[in-house]
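Everything below belongs to start-v7.txt, which stores compact mmCIF, C-alpha atoms and all ligand atoms.
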# COMPACT_ATOMS: atom_id res chain seq x y z
CA MET A 6 128.76 106.55 185.86
CA LEU A 7 127.17 109.05 183.51
CA THR A 8 125.59 112.17 185.01
CA LEU A 9 123.61 114.66 182.96
CA TYR A 10 123.11 118.12 184.39
CA GLU A 11 119.87 119.33 182.89
CA HIS A 12 116.60 121.15 183.30
CA PRO A 13 113.52 119.29 181.97
CA LEU A 14 112.38 122.38 180.05
CA SER A 15 115.70 122.89 178.29
CA PRO A 16 115.30 121.88 174.64
CA TYR A 17 119.07 121.31 174.46
CA ALA A 18 118.92 118.88 177.40
CA GLN A 19 115.90 117.15 175.81
CA LYS A 20 117.95 116.38 172.67
CA VAL A 21 120.61 114.69 174.79
CA LYS A 22 118.13 112.70 176.90
CA ILE A 23 116.39 111.36 173.80
CA ALA A 24 119.75 110.35 172.27
CA LEU A 25 120.89 108.50 175.42
CA ARG A 26 117.52 106.78 175.74
CA GLU A 27 117.56 105.73 172.08
CA LYS A 28 121.00 104.18 172.63
CA GLY A 29 119.87 102.44 175.84
CA VAL A 30 122.61 104.16 177.86
CA GLU A 31 121.97 104.48 181.62
CA PHE A 32 122.43 107.94 183.13
CA GLU A 33 121.62 109.95 186.23
CA LEU A 34 119.85 113.28 186.01
CA GLU A 35 120.73 116.27 188.11
CA THR A 36 119.29 119.81 187.96
CA PRO A 37 121.93 122.29 189.17
CA ASP A 38 120.95 124.37 192.20
CA GLY A 39 119.93 127.87 191.14
CA MET A 40 119.47 126.83 187.51
CA GLY A 41 118.43 129.80 185.37
CA SER A 42 119.06 132.29 188.17
CA GLY A 43 122.58 133.24 187.09
CA HIS A 44 123.86 131.99 190.45
CA THR A 45 124.96 128.42 189.77
CA ALA A 46 128.09 127.25 191.59
CA GLY A 47 130.10 124.26 192.79
CA ASP A 48 130.73 121.13 190.73
CA PHE A 49 128.39 122.30 187.98
CA ILE A 50 130.15 125.58 187.22
CA ARG A 51 133.51 123.80 187.45
CA ALA A 52 132.28 121.34 184.82
CA ASN A 53 130.83 124.05 182.59
CA PRO A 54 132.07 127.64 183.05
CA ARG A 55 129.16 128.79 180.88
CA GLY A 56 126.78 127.65 183.64
CA GLU A 57 124.48 126.07 181.05
CA VAL A 58 122.65 122.79 180.73
CA PRO A 59 123.07 120.23 179.31
CA THR A 60 126.45 119.26 180.72
CA LEU A 61 127.44 115.61 180.61
CA ILE A 62 129.92 114.08 183.06
CA ASP A 63 131.39 110.75 182.00
CA ASP A 64 133.79 109.47 184.68
CA ASN A 65 135.11 112.93 185.60
CA PHE A 66 135.24 114.06 181.95
CA SER A 67 132.85 116.95 181.38
CA ILE A 68 131.32 117.96 178.06
CA PHE A 69 129.09 120.95 177.39
CA ASP A 70 127.02 122.12 174.42
CA SER A 71 124.26 119.77 173.25
CA THR A 72 125.69 119.32 169.73
CA ILE A 73 129.12 118.38 171.06
CA ILE A 74 127.48 116.05 173.60
CA LEU A 75 125.45 114.39 170.80
CA GLU A 76 128.67 113.89 168.83
CA TYR A 77 130.35 112.37 171.89
CA ILE A 78 127.41 110.00 172.42
CA GLU A 79 127.45 108.96 168.76
CA ASP A 80 131.24 108.37 168.92
CA LYS A 81 131.13 106.43 172.18
CA TRP A 82 127.95 104.41 171.57
CA PRO A 83 127.72 104.13 167.76
CA THR A 84 124.79 101.68 167.78
CA PRO A 85 122.05 102.38 166.89
CA ALA A 86 123.45 105.16 164.69
CA LEU A 87 121.55 108.43 164.97
CA LEU A 88 123.23 110.25 162.09
CA PRO A 89 122.31 109.07 158.59
CA SER A 90 125.03 107.30 156.58
CA SER A 91 125.49 109.51 153.51
CA ALA A 92 127.55 112.70 153.68
CA LYS A 93 124.70 114.78 152.22
CA GLU A 94 122.08 113.45 154.61
CA ARG A 95 124.43 113.95 157.56
CA ALA A 96 125.02 117.56 156.51
CA ARG A 97 121.26 118.06 156.14
CA ALA A 98 120.57 116.66 159.62
CA ARG A 99 123.18 119.00 161.09
CA MET A 100 121.75 122.03 159.26
CA ILE A 101 118.26 121.26 160.55
CA GLU A 102 119.70 120.92 164.06
CA ASP A 103 121.55 124.22 163.81
CA VAL A 104 118.51 126.15 162.55
CA CYS A 105 116.36 124.70 165.34
CA ASP A 106 118.97 125.35 168.06
CA THR A 107 119.35 128.98 167.04
CA GLN A 108 116.49 130.62 165.09
CA TYR A 109 113.67 128.32 166.23
CA GLU A 110 114.83 128.19 169.86
CA ALA A 111 114.90 131.99 170.04
CA ILE A 112 111.20 132.23 169.20
CA ASN A 113 110.13 129.80 171.96
CA TRP A 114 112.54 131.40 174.40
CA GLY A 115 110.98 134.80 173.61
CA LEU A 116 107.51 133.39 174.23
CA GLY A 117 108.78 132.04 177.56
CA GLU A 118 110.08 135.48 178.52
CA LEU A 119 106.65 136.96 177.77
CA THR A 120 104.52 134.20 179.27
CA TRP A 121 106.45 132.98 182.29
CA PHE A 122 108.64 135.96 183.12
CA ARG A 123 105.97 138.52 182.13
CA ARG A 124 108.35 140.81 180.28
CA GLY A 125 106.98 143.78 178.38
CA GLU A 126 103.39 143.56 179.58
CA GLY A 127 100.52 145.16 177.65
CA GLU A 128 100.82 146.31 174.05
CA LEU A 129 104.49 145.49 173.73
CA SER A 130 103.88 141.93 174.89
CA GLU A 131 101.02 141.56 172.38
CA ALA A 132 103.17 142.85 169.52
CA LEU A 133 106.01 140.50 170.42
CA ARG A 134 103.62 137.55 170.66
CA ASP A 135 102.16 138.33 167.22
CA ARG A 136 105.65 138.52 165.81
CA ALA A 137 106.55 135.18 167.43
CA ALA A 138 103.40 133.56 165.99
CA ASP A 139 104.31 134.72 162.45
CA GLN A 140 107.89 133.54 162.86
CA THR A 141 106.70 130.15 164.14
CA GLU A 142 104.49 129.72 161.10
CA MET A 143 107.42 130.52 158.78
CA MET A 144 109.75 128.19 160.66
CA GLN A 145 107.24 125.33 160.57
CA ALA A 146 106.71 125.92 156.83
CA TRP A 147 110.49 125.63 156.33
CA LEU A 148 110.57 122.43 158.38
CA THR A 149 107.65 121.04 156.39
CA ARG A 150 109.65 121.59 153.21
CA GLN A 151 112.63 119.78 154.77
CA LEU A 152 110.39 116.83 155.66
CA GLY A 153 108.92 116.62 152.15
CA GLN A 154 107.19 113.25 151.63
CA ALA A 155 109.33 111.45 154.21
CA ASP A 156 108.21 110.12 157.61
CA TRP A 157 111.40 111.33 159.32
CA PHE A 158 113.63 114.39 159.09
CA ASN A 159 116.62 112.03 159.29
CA GLY A 160 115.73 110.13 156.10
CA ASP A 161 114.32 106.59 156.12
CA THR A 162 114.42 106.17 159.88
CA PHE A 163 114.17 108.26 163.04
CA GLY A 164 117.45 109.92 164.06
CA TRP A 165 119.54 112.97 164.88
CA ALA A 166 117.47 115.44 162.85
CA ASP A 167 114.20 114.27 164.43
CA LEU A 168 115.43 114.52 168.02
CA SER A 169 116.76 117.98 167.13
CA VAL A 170 113.39 119.24 165.91
CA ILE A 171 111.03 117.73 168.48
CA PRO A 172 111.91 119.94 171.50
CA TYR A 173 111.07 123.03 169.47
CA VAL A 174 107.85 121.84 167.84
CA ALA A 175 106.70 120.58 171.27
CA GLY A 176 107.69 123.98 172.71
CA SER A 177 105.55 125.76 170.10
CA ALA A 178 102.63 123.43 170.88
CA SER A 179 102.90 124.31 174.59
CA PHE A 180 102.31 127.96 173.58
CA GLY A 181 99.34 126.97 171.36
CA LEU A 182 101.40 127.23 168.17
CA GLY A 183 101.76 123.55 167.25
CA PRO A 184 101.36 122.33 163.65
CA GLN A 185 97.90 121.38 162.36
CA GLU A 186 97.21 117.73 163.14
CA THR A 187 96.43 116.85 159.52
CA SER A 188 99.56 118.50 158.07
CA SER A 189 102.68 116.42 157.35
CA LEU A 190 104.47 118.16 160.21
CA GLY A 191 101.47 117.48 162.47
CA LYS A 192 101.55 113.77 161.55
CA TRP A 193 105.30 113.64 162.19
CA PHE A 194 104.67 115.31 165.59
CA GLN A 195 102.16 112.57 166.42
CA ARG A 196 104.62 109.83 165.32
CA MET A 197 107.28 111.39 167.51
CA ARG A 198 105.05 111.65 170.55
CA SER A 199 104.19 107.97 170.34
CA ARG A 200 107.89 107.04 170.46
CA GLN A 201 108.81 105.95 174.02
CA THR A 202 112.09 107.90 174.34
CA VAL A 203 110.41 111.11 173.16
CA ALA A 204 107.22 110.59 175.22
CA THR A 205 109.27 110.12 178.43
CA THR A 206 111.31 113.25 177.75
CA LEU A 207 108.29 115.41 176.91
CA LYS A 208 106.44 114.12 179.98
CA GLU A 209 109.32 115.28 182.19
CA SER A 210 109.16 118.68 180.53
CA ALA A 211 105.38 119.01 180.96
CA ALA A 212 105.68 118.04 184.64
CA SER A 213 108.01 120.96 185.32
CA THR A 214 105.94 123.61 183.51
CA SER A 215 103.75 124.29 186.57
CA ALA A 216 106.83 125.48 188.50
CA MET A 217 107.18 128.28 185.93
CA GLU A 218 104.02 129.95 187.22
CA THR A 219 105.93 131.44 190.16
CA VAL A 220 109.02 132.65 188.30
CA ALA A 221 107.71 136.11 187.43
CA ASP A 222 107.52 136.93 191.16
CA ILE A 223 111.00 135.58 191.70
CA ILE A 224 112.23 137.92 188.94
CA LYS A 225 110.52 140.85 190.67
CA GLN A 226 112.32 139.99 193.89
CA GLY A 227 115.61 140.20 191.97
CA LEU A 228 116.45 136.53 192.62
CA PHE A 229 116.61 135.49 188.96
CA LYS A 230 118.89 136.85 186.26
CA ARG A 231 117.87 135.50 182.88
CA GLU A 232 120.58 134.86 180.33
CA TYR A 233 120.19 137.04 177.22
CA ARG A 234 122.79 135.98 174.70
CA ASP A 235 123.42 135.13 171.07
CA HIS A 236 120.28 134.37 169.07
CA ARG A 237 118.02 135.03 172.09
CA LEU A 238 119.23 138.58 172.61
CA GLU A 239 119.08 139.16 168.87
CA TRP A 240 115.51 137.82 168.73
CA MET A 241 114.35 140.20 171.43
CA ILE A 242 115.93 143.20 169.73
CA ARG A 243 114.96 142.41 166.13
CA SER A 244 111.40 141.52 167.09
CA GLY A 245 110.89 144.92 168.72
CA GLY A 246 111.74 144.19 172.36
CA MET A 247 114.68 146.58 172.86
CA LYS A 248 112.72 148.08 175.77
CA VAL A 249 112.57 144.65 177.45
CA VAL A 250 116.36 144.39 177.23
CA LEU A 251 116.91 147.90 178.60
CA ASP A 252 114.38 147.36 181.43
CA GLY A 253 116.06 144.08 182.32
CA MET A 254 119.48 145.75 182.42
CA GLN A 255 118.15 148.60 184.53
CA LYS A 256 116.41 146.28 186.98
CA ASP A 257 119.41 143.95 186.90
CA ASN A 258 117.30 140.87 186.19
CA ILE A 259 118.93 139.88 182.93
CA ARG A 260 122.53 138.93 182.33
CA PHE A 261 124.78 138.19 179.38
CA SER A 262 127.12 135.23 179.06
CA ASN A 263 129.65 134.48 181.85
CA ASP A 264 133.25 135.51 181.95
CA PHE A 265 135.37 132.38 182.14
CA ALA A 266 136.67 132.30 185.71
N1 LIG A 301 124.59 125.96 172.91
C1 LIG A 301 124.18 125.35 174.15
C2 LIG A 301 123.05 126.17 174.74
C3 LIG A 301 122.66 125.67 176.13
C4 LIG A 301 121.73 126.65 176.84
O1 LIG A 301 121.54 127.78 176.43
N2 LIG A 301 121.12 126.20 177.92
C5 LIG A 301 120.26 127.06 178.72
C6 LIG A 301 118.98 126.34 179.11
S1 LIG A 301 117.93 126.08 177.73
C7 LIG A 301 120.98 127.41 180.01
O2 LIG A 301 121.50 126.53 180.66
N3 LIG A 301 120.99 128.69 180.39
C8 LIG A 301 121.64 129.14 181.58
C9 LIG A 301 120.75 130.01 182.39
O3 LIG A 301 119.59 130.14 182.06
O4 LIG A 301 121.24 130.53 183.38
C10 LIG A 301 123.77 123.91 173.90
O5 LIG A 301 123.48 123.55 172.75
O6 LIG A 301 123.82 123.09 174.84
Can you give me the file's structure in the form of structure tokens?
Ligand SMILES: N[C@@H](CCC(=O)N[C@@H](CS)C(=O)NCC(=O)O)C(=O)O
Amino acid sequence: MLTLYEHPLSPYAQKVKIALREKGVEFELETPDGMGSGHTAGDFIRANPRGEVPTLIDDNFSIFDSTIILEYIEDKWPTPALLPSSAKERARARMIEDVCDTQYEAINWGLGELTWFRRGEGELSEALRDRAADQTEMMQAWLTRQLGQADWFNGDTFGWADLSVIPYVAGSASFGLGPQETSSLGKWFQRMRSRQTVATTLKESAASTSAMETVADIIKQGLFKREYRDHRLEWMIRSGGMKVVLDGMQKDNIRFSNDFA
């Protein structure tokens, strides 16, 4: 049996769900107790000492990190192939994935911190939002250049690169920063949304957004410790949110990555 620990809003988990659905592989979904609070425990933390989703369990074998999970899925269920066949196209798909998982993800994560967790209210929040909007525009312009005249980021057909971009473009759209409908990226977005595996995954994400309306209060009660690490922490600092980081440390409602116990 295949179990995927996930959260519907996690873009990394969305990549994995789309891949499994494209391959027609059956899996069970589980959201770890205390997800995002910094207090996950039990089987989940034993499977992934980072305490992050997605984590895939295949018959007692656990795999973490969405890219490594995608590689495992492609190795174990090679058909239909999600990576293109030529070495250059494969490298290009992986570069697009890496940019989206790091630089693009950080922008949406930052918008989530401002919108859902109400960090840096007032002028600081406005300045960070403006910065995020500019960065989104630049990122989408870069993606548009990668797409060129093609229908798919992966080449002739849908694949790895497309499922790696969609969580982030959909994330931007949820903050009112989606691509223009008539642009090539906007048309790709529409093609992607009409694909069953993508539509199902985005529907699950949209259904869990309403739960985010209460999280700011939970933060205030000190029950949630958000993970600030890698590109996310860097985004907050370089975009002008050092105060948010310091406030979070002082109020003890942010955390950095786990020690490996
Ligand atoms: N590099 C990892 C990143 C995974 C990750 O950051 N997941 C987030 C959710 S989007 C998480 O589980 N964070 C733990 C937390 O919020 O406590 C991957 O590609 O899977």
A:Cys105, A:Leu133, A:Met241, A:Ala212: which is nearest Tyr173 in chain A, counting only C-alpha atoms?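 Nearest candidate to Tyr173 in chain A out of A:Cys105, A:Leu133, A:Met241, A:Ala212: A:Cys105.
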Nearest residue to ligand LIG 301 (chain A) out of A:Leu190, A:Leu119, A:Val58, A:Val30, using all atoms listed in the file?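 Looking only at the distances to ligand LIG 301 (chain A), the closest residue turns out to be A:Val58.
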How far is it from CA of Val203 in chain A to CA of Glu33 in chain A, in Å with one decimal? 17.3 Å
Would you give me, as CSV, each residue of chain A having an atom within 6 Å of an atom of ligand LIG 301 (chain A), along with its shortest atom pair and that distance in Å to one decimal, using only C-alpha atoms and all ligand atoms and sorting by chain and residue number?
residue,atom,partner,partner_atom,distance
A:Ser15,CA,A:LIG301,S1,3.9
A:Pro16,CA,A:LIG301,S1,5.8
A:Tyr17,CA,A:LIG301,O6,5.1
A:Met40,CA,A:LIG301,O4,5.8
A:Gly41,CA,A:LIG301,O4,3.5
A:Ser42,CA,A:LIG301,O4,5.5
A:Gly43,CA,A:LIG301,O4,4.8
A:Gly56,CA,A:LIG301,C8,5.7
A:Glu57,CA,A:LIG301,O2,3.0
A:Val58,CA,A:LIG301,O2,3.9
A:Pro59,CA,A:LIG301,O6,5.4
A:Asp70,CA,A:LIG301,O6,3.4
A:Ser71,CA,A:LIG301,O6,3.7
A:Thr72,CA,A:LIG301,O5,5.6
A:Arg231,CA,A:LIG301,O3,5.7
A:Glu232,CA,A:LIG301,O3,5.1
Residue nearest Ile101 in chain A among A:Gly39, A:Pro184, A:Gly164, A:Pro85 (counting all atoms listed in the file): A:Gly164
Contacts of Gln145 in chain A at 12 Å (only C-alpha atoms; same-chain gap of 5+ positions) as a PyMOL selection string: chain A and resi 101+104-105+108-109+112+138-140+150-152+170-171+173-175+177-178+182-185+188-191+193-194
Shortest interatomic distance to Ile50 in chain A - which of A:Tyr10, A:Arg234, A:Ile73, A:Lys192, counting all atoms listed in the file: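 For Ile50 in chain A, the nearest of the candidates is A:Tyr10.
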Skipping near chain neighbours, those fewer than 4 positions away, what residues fall within 10 Å of range 257-261 of chain A using only C-alpha atoms, listed as a compact mmCIF listing (two decimals) with C-alpha atoms, keeping the file's coordinate frame?
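Wrote it out as around-v2.txt, contents follow:
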# COMPACT_ATOMS: atom_id res chain seq x y z
CA SER A 42 119.06 132.29 188.17
CA GLY A 43 122.58 133.24 187.09
CA ILE A 223 111.00 135.58 191.70
CA ILE A 224 112.23 137.92 188.94
CA LYS A 225 110.52 140.85 190.67
CA GLN A 226 112.32 139.99 193.89
CA GLY A 227 115.61 140.20 191.97
CA LEU A 228 116.45 136.53 192.62
CA PHE A 229 116.61 135.49 188.96
CA LYS A 230 118.89 136.85 186.26
CA ARG A 231 117.87 135.50 182.88
CA GLU A 232 120.58 134.86 180.33
CA TYR A 233 120.19 137.04 177.22
CA ARG A 234 122.79 135.98 174.70
CA ASP A 235 123.42 135.13 171.07
CA LEU A 238 119.23 138.58 172.61
CA VAL A 249 112.57 144.65 177.45
CA VAL A 250 116.36 144.39 177.23
CA LEU A 251 116.91 147.90 178.60
CA ASP A 252 114.38 147.36 181.43
CA GLY A 253 116.06 144.08 182.32
Take CA of Thr120 in chain A and CA of Met144 in chain A and report the distance between them in Å, one decimal. 20.2 Å
Hey, can you check how far CA of Thr187 in chain A sits from CA of Ser169 in chain A?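 Between these atoms lies a distance of 21.7 Å.
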Top pick for closest residue to Thr36 in chain A, considering A:Arg196, A:Arg124, A:Lys81, A:His12 and counting all atoms listed in the file: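 Among the listed residues, A:His12 lies closest to Thr36 in chain A.
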Determine the nearest neighbour of Ala166 in chain A from the options A:Glu35, A:Glu209, A:Asp106, A:Glu11, counting only C-alpha atoms.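 Ranked by minimum distance to Ala166 in chain A, first place goes to A:Asp106.
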Kindly provide the residues of range 55-90 of chain A that approach range 94-98 of chain A to within 12 Å, each paired with its closest atom pair and their distance in Å to one decimal, based on all atoms listed in the file, listed by chain and increasing number, as JSON lines.
{"residue": "A:Thr72", "atom": "CA", "partner": "A:Ala98", "partner_atom": "CA", "distance": 11.6}
{"residue": "A:Ala86", "atom": "CA", "partner": "A:Arg95", "partner_atom": "CA", "distance": 11.4}
{"residue": "A:Leu87", "atom": "CA", "partner": "A:Arg95", "partner_atom": "CA", "distance": 9.7}
{"residue": "A:Leu88", "atom": "CA", "partner": "A:Arg95", "partner_atom": "CA", "distance": 6.0}
{"residue": "A:Pro89", "atom": "CA", "partner": "A:Arg95", "partner_atom": "CA", "distance": 5.4}
{"residue": "A:Ser90", "atom": "CA", "partner": "A:Arg95", "partner_atom": "CA", "distance": 6.7}
Starting from the point (117.8, 106.9, 170.4), work out which residues of protein, DNA or RNA have an atom no more than 8 Å away when counting all atoms listed in the file; state them as number ranges by chain. A: 23-29, 85, 87, 164, 202
Could N, CA and C atoms be built for range 14-41 of chain A and written out as a PDB file, in the frame of the given file?
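Produced file part_25.pdb, reproduced below:
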ATOM      1  N   LEU A  14     112.931 121.497 181.085  1.00  0.00           N
ATOM      2  CA  LEU A  14     112.380 122.380 180.050  1.00  0.00           C
ATOM      3  C   LEU A  14     113.421 122.796 179.010  1.00  0.00           C
ATOM      4  N   SER A  15     114.672 122.477 179.254  1.00  0.00           N
ATOM      5  CA  SER A  15     115.700 122.890 178.290  1.00  0.00           C
ATOM      6  C   SER A  15     115.617 122.033 177.031  1.00  0.00           C
ATOM      7  N   PRO A  16     115.373 122.657 175.874  1.00  0.00           N
ATOM      8  CA  PRO A  16     115.300 121.880 174.640  1.00  0.00           C
ATOM      9  C   PRO A  16     116.635 121.201 174.333  1.00  0.00           C
ATOM     10  N   TYR A  17     117.737 121.872 174.729  1.00  0.00           N
ATOM     11  CA  TYR A  17     119.070 121.310 174.460  1.00  0.00           C
ATOM     12  C   TYR A  17     119.265 120.039 175.285  1.00  0.00           C
ATOM     13  N   ALA A  18     118.813 120.075 176.545  1.00  0.00           N
ATOM     14  CA  ALA A  18     118.920 118.880 177.400  1.00  0.00           C
ATOM     15  C   ALA A  18     117.997 117.773 176.870  1.00  0.00           C
ATOM     16  N   GLN A  19     116.834 118.160 176.350  1.00  0.00           N
ATOM     17  CA  GLN A  19     115.900 117.150 175.810  1.00  0.00           C
ATOM     18  C   GLN A  19     116.547 116.373 174.659  1.00  0.00           C
ATOM     19  N   LYS A  20     117.269 117.065 173.789  1.00  0.00           N
ATOM     20  CA  LYS A  20     117.950 116.380 172.670  1.00  0.00           C
ATOM     21  C   LYS A  20     118.863 115.274 173.208  1.00  0.00           C
ATOM     22  N   VAL A  21     119.631 115.634 174.243  1.00  0.00           N
ATOM     23  CA  VAL A  21     120.610 114.690 174.790  1.00  0.00           C
ATOM     24  C   VAL A  21     119.907 113.503 175.472  1.00  0.00           C
ATOM     25  N   LYS A  22     118.836 113.795 176.206  1.00  0.00           N
ATOM     26  CA  LYS A  22     118.130 112.700 176.900  1.00  0.00           C
ATOM     27  C   LYS A  22     117.534 111.727 175.891  1.00  0.00           C
ATOM     28  N   ILE A  23     116.974 112.259 174.805  1.00  0.00           N
ATOM     29  CA  ILE A  23     116.390 111.360 173.800  1.00  0.00           C
ATOM     30  C   ILE A  23     117.500 110.501 173.184  1.00  0.00           C
ATOM     31  N   ALA A  24     118.649 111.115 172.882  1.00  0.00           N
ATOM     32  CA  ALA A  24     119.750 110.350 172.270  1.00  0.00           C
ATOM     33  C   ALA A  24     120.208 109.224 173.199  1.00  0.00           C
ATOM     34  N   LEU A  25     120.421 109.539 174.478  1.00  0.00           N
ATOM     35  CA  LEU A  25     120.890 108.500 175.420  1.00  0.00           C
ATOM     36  C   LEU A  25     119.846 107.401 175.557  1.00  0.00           C
ATOM     37  N   ARG A  26     118.585 107.791 175.587  1.00  0.00           N
ATOM     38  CA  ARG A  26     117.520 106.780 175.740  1.00  0.00           C
ATOM     39  C   ARG A  26     117.418 105.907 174.487  1.00  0.00           C
ATOM     40  N   GLU A  27     117.596 106.508 173.322  1.00  0.00           N
ATOM     41  CA  GLU A  27     117.560 105.730 172.080  1.00  0.00           C
ATOM     42  C   GLU A  27     118.691 104.695 172.046  1.00  0.00           C
ATOM     43  N   LYS A  28     119.841 105.081 172.649  1.00  0.00           N
ATOM     44  CA  LYS A  28     121.000 104.180 172.630  1.00  0.00           C
ATOM     45  C   LYS A  28     120.933 103.182 173.787  1.00  0.00           C
ATOM     46  N   GLY A  29     119.974 103.359 174.688  1.00  0.00           N
ATOM     47  CA  GLY A  29     119.870 102.440 175.840  1.00  0.00           C
ATOM     48  C   GLY A  29     120.980 102.642 176.852  1.00  0.00           C
ATOM     49  N   VAL A  30     121.524 103.864 176.922  1.00  0.00           N
ATOM     50  CA  VAL A  30     122.610 104.160 177.860  1.00  0.00           C
ATOM     51  C   VAL A  30     122.001 104.652 179.186  1.00  0.00           C
ATOM     52  N   GLU A  31     122.458 104.066 180.296  1.00  0.00           N
ATOM     53  CA  GLU A  31     121.970 104.480 181.620  1.00  0.00           C
ATOM     54  C   GLU A  31     122.615 105.802 182.028  1.00  0.00           C
ATOM     55  N   PHE A  32     121.847 106.677 182.647  1.00  0.00           N
ATOM     56  CA  PHE A  32     122.430 107.940 183.130  1.00  0.00           C
ATOM     57  C   PHE A  32     121.616 108.457 184.306  1.00  0.00           C
ATOM     58  N   GLU A  33     122.303 109.299 185.099  1.00  0.00           N
ATOM     59  CA  GLU A  33     121.620 109.950 186.230  1.00  0.00           C
ATOM     60  C   GLU A  33     121.342 111.389 185.849  1.00  0.00           C
ATOM     61  N   LEU A  34     120.195 111.892 186.308  1.00  0.00           N
ATOM     62  CA  LEU A  34     119.850 113.280 186.010  1.00  0.00           C
ATOM     63  C   LEU A  34     120.065 114.146 187.241  1.00  0.00           C
ATOM     64  N   GLU A  35     120.594 115.320 187.018  1.00  0.00           N
ATOM     65  CA  GLU A  35     120.730 116.270 188.110  1.00  0.00           C
ATOM     66  C   GLU A  35     120.397 117.670 187.594  1.00  0.00           C
ATOM     67  N   THR A  36     119.555 118.401 188.330  1.00  0.00           N
ATOM     68  CA  THR A  36     119.290 119.810 187.960  1.00  0.00           C
ATOM     69  C   THR A  36     120.148 120.671 188.884  1.00  0.00           C
ATOM     70  N   PRO A  37     121.047 121.484 188.308  1.00  0.00           N
ATOM     71  CA  PRO A  37     121.930 122.290 189.170  1.00  0.00           C
ATOM     72  C   PRO A  37     121.129 123.225 190.067  1.00  0.00           C
ATOM     73  N   ASP A  38     121.601 123.401 191.301  1.00  0.00           N
ATOM     74  CA  ASP A  38     120.950 124.370 192.200  1.00  0.00           C
ATOM     75  C   ASP A  38     121.033 125.751 191.562  1.00  0.00           C
ATOM     76  N   GLY A  39     119.946 126.496 191.658  1.00  0.00           N
ATOM     77  CA  GLY A  39     119.930 127.870 191.140  1.00  0.00           C
ATOM     78  C   GLY A  39     119.894 127.949 189.625  1.00  0.00           C
ATOM     79  N   MET A  40     119.502 126.841 188.975  1.00  0.00           N
ATOM     80  CA  MET A  40     119.470 126.830 187.510  1.00  0.00           C
ATOM     81  C   MET A  40     118.624 127.980 186.952  1.00  0.00           C
ATOM     82  N   GLY A  41     119.168 128.709 186.009  1.00  0.00           N
ATOM     83  CA  GLY A  41     118.430 129.800 185.370  1.00  0.00           C
ATOM     84  C   GLY A  41     118.470 131.102 186.142  1.00  0.00           C
TER      85      GLY A  41
END
